[in-house]
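The block underneath contains the structure these notes are about, expressed in structure tokens.
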Amino acid sequence: MIAIRRILVPVDFSSGSRPVLEYAAGLAQRFDAEIEVLHVLEPPRYIAPDLVLHIEEGGPQTLGQFLRARAMRDMEQLLGSVPQRGEKRARPRIEMGDVAQTIANIAAEPGCDLVVMGTHGRQGLGHLLLGSVAAKVIRRAPCPVLTLRAWEEGAA
């Protein structure tokens with residue numbers, strides 16, 4: 001029998017993230033697996049991530065710190081919107097780097113048995129110009145990758 005002990009769920013906080021996380025939670029319950037919910041911050045291309053910002057509520061902080069804190073707030077909101085099943089709680093993880101490569105690198109860590117992620121389903125020129133993070137992860141990850149078509153609200 002296939003053993004799934006740890007499921008990696010990359011999210012981008014779009015409206016499609018919640019259904020993907022709910023699906024992964026259902027799988028985790030069936031296999032008594034842990035879920036690691038990952039958000040990858042892509043470093044700004046033209047602004048140094050160590051640029052210091054002066055923000056009223058938090059005082060001076062780097063752009064990287066600001067982005068990480070904002071992502072953690074979004075992560076907590078997402079995890080709070082999905083009912084937790086069983087005793088195992090989803091573990092949040094925030095990383096910085098190239099999105100597809102970072103997901104593949106984490107999928108290669110010992111104990112990661114499955115990646116469950118959404119795909120926006122771009123086709124044609126949109127796919128050609130933007131590429132597909134999901135397609136890159138499928139090619140690079142050493143473990144199985146389950147993709148779910150993520151429908152944005154208001155999509156036809």
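By order in the structure tokens, chains are A, B, ...; within a chain, residues start at 1; ligands start at 1, following the order shown.
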
### Query
Any idea what's packed within 7 Å of region 2-11 of chain A, counting only C-alpha atoms, ignoring anything in its chain fewer than 3 positions away? Could you give it as a ChimeraX atom specification?
/A:17,21,31-39,107,111-117

Go ahead and save the residues from that selection, with N, CA, C and O atoms, as a PDB file, in the first residue's frame.
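See out02.pdb below for the written result:
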ATOM      1  N   SER A  17      -6.894  28.904  -3.574  1.00  0.00           N
ATOM      2  CA  SER A  17      -6.052  28.233  -2.574  1.00  0.00           C
ATOM      3  C   SER A  17      -6.874  27.436  -1.567  1.00  0.00           C
ATOM      4  O   SER A  17      -6.472  26.355  -1.153  1.00  0.00           O
ATOM      5  N   LEU A  21      -6.512  23.465  -0.503  1.00  0.00           N
ATOM      6  CA  LEU A  21      -6.156  23.098   0.868  1.00  0.00           C
ATOM      7  C   LEU A  21      -7.209  22.169   1.470  1.00  0.00           C
ATOM      8  O   LEU A  21      -6.868  21.208   2.173  1.00  0.00           O
ATOM      9  N   PHE A  31      -5.213   9.388   4.978  1.00  0.00           N
ATOM     10  CA  PHE A  31      -3.920   8.722   5.121  1.00  0.00           C
ATOM     11  C   PHE A  31      -3.260   8.997   6.469  1.00  0.00           C
ATOM     12  O   PHE A  31      -2.124   8.592   6.687  1.00  0.00           O
ATOM     13  N   ASP A  32      -3.943   9.733   7.342  1.00  0.00           N
ATOM     14  CA  ASP A  32      -3.383  10.140   8.630  1.00  0.00           C
ATOM     15  C   ASP A  32      -2.033  10.834   8.420  1.00  0.00           C
ATOM     16  O   ASP A  32      -1.034  10.532   9.054  1.00  0.00           O
ATOM     17  N   ALA A  33      -2.032  11.767   7.469  1.00  0.00           N
ATOM     18  CA  ALA A  33      -0.804  12.458   7.079  1.00  0.00           C
ATOM     19  C   ALA A  33      -0.762  13.880   7.642  1.00  0.00           C
ATOM     20  O   ALA A  33      -1.790  14.444   8.023  1.00  0.00           O
ATOM     21  N   GLU A  34       0.421  14.432   7.664  1.00  0.00           N
ATOM     22  CA  GLU A  34       0.618  15.826   8.047  1.00  0.00           C
ATOM     23  C   GLU A  34       0.535  16.689   6.792  1.00  0.00           C
ATOM     24  O   GLU A  34       0.865  16.238   5.692  1.00  0.00           O
ATOM     25  N   ILE A  35       0.119  17.934   6.983  1.00  0.00           N
ATOM     26  CA  ILE A  35       0.066  18.886   5.875  1.00  0.00           C
ATOM     27  C   ILE A  35       1.013  20.036   6.184  1.00  0.00           C
ATOM     28  O   ILE A  35       0.992  20.593   7.276  1.00  0.00           O
ATOM     29  N   GLU A  36       1.836  20.356   5.212  1.00  0.00           N
ATOM     30  CA  GLU A  36       2.690  21.536   5.297  1.00  0.00           C
ATOM     31  C   GLU A  36       2.207  22.503   4.211  1.00  0.00           C
ATOM     32  O   GLU A  36       2.232  22.168   3.031  1.00  0.00           O
ATOM     33  N   VAL A  37       1.727  23.664   4.633  1.00  0.00           N
ATOM     34  CA  VAL A  37       1.191  24.659   3.697  1.00  0.00           C
ATOM     35  C   VAL A  37       2.300  25.670   3.422  1.00  0.00           C
ATOM     36  O   VAL A  37       2.802  26.324   4.338  1.00  0.00           O
ATOM     37  N   LEU A  38       2.671  25.781   2.169  1.00  0.00           N
ATOM     38  CA  LEU A  38       3.816  26.583   1.761  1.00  0.00           C
ATOM     39  C   LEU A  38       3.398  27.782   0.922  1.00  0.00           C
ATOM     40  O   LEU A  38       2.590  27.636   0.000  1.00  0.00           O
ATOM     41  N   HIS A  39       3.953  28.928   1.252  1.00  0.00           N
ATOM     42  CA  HIS A  39       3.836  30.097   0.386  1.00  0.00           C
ATOM     43  C   HIS A  39       5.249  30.561   0.072  1.00  0.00           C
ATOM     44  O   HIS A  39       6.071  30.727   0.975  1.00  0.00           O
ATOM     45  N   ALA A 107       9.828  19.730  -1.880  1.00  0.00           N
ATOM     46  CA  ALA A 107       9.264  18.403  -2.176  1.00  0.00           C
ATOM     47  C   ALA A 107      10.339  17.324  -2.131  1.00  0.00           C
ATOM     48  O   ALA A 107      10.043  16.157  -1.884  1.00  0.00           O
ATOM     49  N   GLY A 111      10.814  12.790   3.598  1.00  0.00           N
ATOM     50  CA  GLY A 111       9.502  12.687   4.215  1.00  0.00           C
ATOM     51  C   GLY A 111       8.372  13.306   3.426  1.00  0.00           C
ATOM     52  O   GLY A 111       7.208  13.113   3.764  1.00  0.00           O
ATOM     53  N   CYS A 112       8.656  14.053   2.376  1.00  0.00           N
ATOM     54  CA  CYS A 112       7.582  14.629   1.570  1.00  0.00           C
ATOM     55  C   CYS A 112       7.130  13.571   0.572  1.00  0.00           C
ATOM     56  O   CYS A 112       7.898  13.129  -0.270  1.00  0.00           O
ATOM     57  N   ASP A 113       5.864  13.165   0.694  1.00  0.00           N
ATOM     58  CA  ASP A 113       5.362  12.064  -0.114  1.00  0.00           C
ATOM     59  C   ASP A 113       4.470  12.497  -1.272  1.00  0.00           C
ATOM     60  O   ASP A 113       4.260  11.732  -2.218  1.00  0.00           O
ATOM     61  N   LEU A 114       3.907  13.720  -1.189  1.00  0.00           N
ATOM     62  CA  LEU A 114       2.954  14.160  -2.197  1.00  0.00           C
ATOM     63  C   LEU A 114       2.873  15.683  -2.182  1.00  0.00           C
ATOM     64  O   LEU A 114       2.925  16.295  -1.119  1.00  0.00           O
ATOM     65  N   VAL A 115       2.747  16.271  -3.364  1.00  0.00           N
ATOM     66  CA  VAL A 115       2.475  17.703  -3.500  1.00  0.00           C
ATOM     67  C   VAL A 115       1.064  17.828  -4.059  1.00  0.00           C
ATOM     68  O   VAL A 115       0.728  17.174  -5.043  1.00  0.00           O
ATOM     69  N   VAL A 116       0.240  18.643  -3.406  1.00  0.00           N
ATOM     70  CA  VAL A 116      -1.109  18.923  -3.893  1.00  0.00           C
ATOM     71  C   VAL A 116      -1.164  20.415  -4.150  1.00  0.00           C
ATOM     72  O   VAL A 116      -0.964  21.215  -3.237  1.00  0.00           O
ATOM     73  N   MET A 117      -1.384  20.793  -5.410  1.00  0.00           N
ATOM     74  CA  MET A 117      -1.379  22.222  -5.740  1.00  0.00           C
ATOM     75  C   MET A 117      -2.399  22.540  -6.810  1.00  0.00           C
ATOM     76  O   MET A 117      -2.808  21.674  -7.570  1.00  0.00           O
TER      77      MET A 117
END

### Summary
Residue with the minimum atom-to-atom distance to Gln29 (chain A), picked from A:Leu67, A:Ile103, A:Met72, A:Ala90 with only C-alpha atoms counted, is A:Ala90

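Proximity ranking of A:Val82, A:Ile47, A:Val133, A:Met75 relative to Thr62 (chain A) places A:Ile47 first, based on only C-alpha atoms.
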
### Query
If we count only C-alpha atoms, what is near Glu95 (chain A) at a cut-off of 10 Å, once residues fewer than 3 positions away on the same chain are taken out, given as a PyMOL selection string?
chain A and resi 38-42+68+71+98-99+102-103+106

### Task
Find the spatial neighbours of Arg70 (chain A), counting only C-alpha atoms, within a cut-off of 12 Å - ignore same-chain residues fewer than 5 positions away - and output them as a list in words.
Phe13, His39, Leu41, Gly58, Leu63, Gly64, Gln65, Met75, Glu76, Gln77 and Ile94 of chain A

### Query
For His120 (chain A), which residue out of A:Cys143, A:Ala69, A:Leu148, A:Ala25 is the nearest one, using only C-alpha atoms?
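Comparing A:Cys143, A:Ala69, A:Leu148, A:Ala25 against His120 (chain A), the winner is A:Leu148.
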
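Taking CA of Gly97 (chain A) and CA of Gln84 (chain A) as the two end points, the separation is 28.5 Å.
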
Assign secondary structure with DSSP using the backbone only, and return the residues of region 2-125 of chain A in strand (DSSP E) as a PDB file with C-alpha atoms, in the first residue's frame.
ATOM      1  CA  ARG A   6       3.482  14.345   4.627  1.00  0.00           C
ATOM      2  CA  ILE A   7       1.630  16.404   2.033  1.00  0.00           C
ATOM      3  CA  LEU A   8       3.063  19.668   0.744  1.00  0.00           C
ATOM      4  CA  VAL A   9       0.424  22.216  -0.278  1.00  0.00           C
ATOM      5  CA  PRO A  10       1.818  25.300  -2.047  1.00  0.00           C
ATOM      6  CA  GLU A  34       0.618  15.826   8.047  1.00  0.00           C
ATOM      7  CA  ILE A  35       0.066  18.886   5.875  1.00  0.00           C
ATOM      8  CA  GLU A  36       2.690  21.536   5.297  1.00  0.00           C
ATOM      9  CA  VAL A  37       1.191  24.659   3.697  1.00  0.00           C
ATOM     10  CA  LEU A  38       3.816  26.583   1.761  1.00  0.00           C
ATOM     11  CA  HIS A  39       3.836  30.097   0.386  1.00  0.00           C
ATOM     12  CA  VAL A  40       6.858  31.181  -1.627  1.00  0.00           C
ATOM     13  CA  LEU A  41       7.727  34.859  -1.784  1.00  0.00           C
ATOM     14  CA  VAL A  52      14.563  49.427   4.692  1.00  0.00           C
ATOM     15  CA  LEU A  53      10.958  50.593   4.964  1.00  0.00           C
ATOM     16  CA  HIS A  54       9.670  52.923   7.659  1.00  0.00           C
ATOM     17  CA  ILE A  55       6.194  51.691   8.520  1.00  0.00           C
ATOM     18  CA  GLY A  59       8.891  50.699  12.739  1.00  0.00           C
ATOM     19  CA  PRO A  60      11.804  50.241  10.366  1.00  0.00           C
ATOM     20  CA  GLN A  61      12.006  46.857   8.677  1.00  0.00           C
ATOM     21  CA  THR A  62      13.389  45.458   5.486  1.00  0.00           C
ATOM     22  CA  ARG A  91       1.940  23.634   9.495  1.00  0.00           C
ATOM     23  CA  PRO A  92       2.588  26.960   7.782  1.00  0.00           C
ATOM     24  CA  ARG A  93       5.857  27.627   5.975  1.00  0.00           C
ATOM     25  CA  ILE A  94       7.005  30.817   4.257  1.00  0.00           C
ATOM     26  CA  GLU A  95      10.071  30.741   1.996  1.00  0.00           C
ATOM     27  CA  MET A  96      11.662  33.175  -0.435  1.00  0.00           C
ATOM     28  CA  LEU A 114       2.954  14.160  -2.197  1.00  0.00           C
ATOM     29  CA  VAL A 115       2.475  17.703  -3.500  1.00  0.00           C
ATOM     30  CA  VAL A 116      -1.109  18.923  -3.893  1.00  0.00           C
ATOM     31  CA  MET A 117      -1.379  22.222  -5.740  1.00  0.00           C
ATOM     32  CA  GLY A 118      -3.722  24.265  -7.836  1.00  0.00           C
ATOM     33  CA  THR A 119      -3.252  25.286 -11.409  1.00  0.00           C
TER      34      THR A 119
END

### Task
Rounded to one decimal place, report the CA of Gln101 (chain A)-CA of Ile138 (chain A) distance in Å.
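According to the coordinates, CA of Gln101 (chain A) and CA of Ile138 (chain A) are separated by 10.7 Å.
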
#### Entry: Å distance separating CA of Arg139 (chain A) from CA of Ala104 (chain A), one decimal place
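According to the coordinates, CA of Arg139 (chain A) and CA of Ala104 (chain A) are separated by 8.8 Å.
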
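For the choices A:Ser81, A:Val20, A:Ala135, A:Tyr46, the atom-to-atom distance to Ala100 (chain A) is smallest for A:Ala135 when using only C-alpha atoms.
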
### Task
Go through A:Asp74, A:Pro44, A:Ala24, A:Gly80 one by one, measure the shortest atom-to-atom distance of each to Leu146 (chain A) using only C-alpha atoms, and give the residue with the smallest value.
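Using only C-alpha atoms, the shortest distance to Leu146 (chain A) belongs to A:Ala24.
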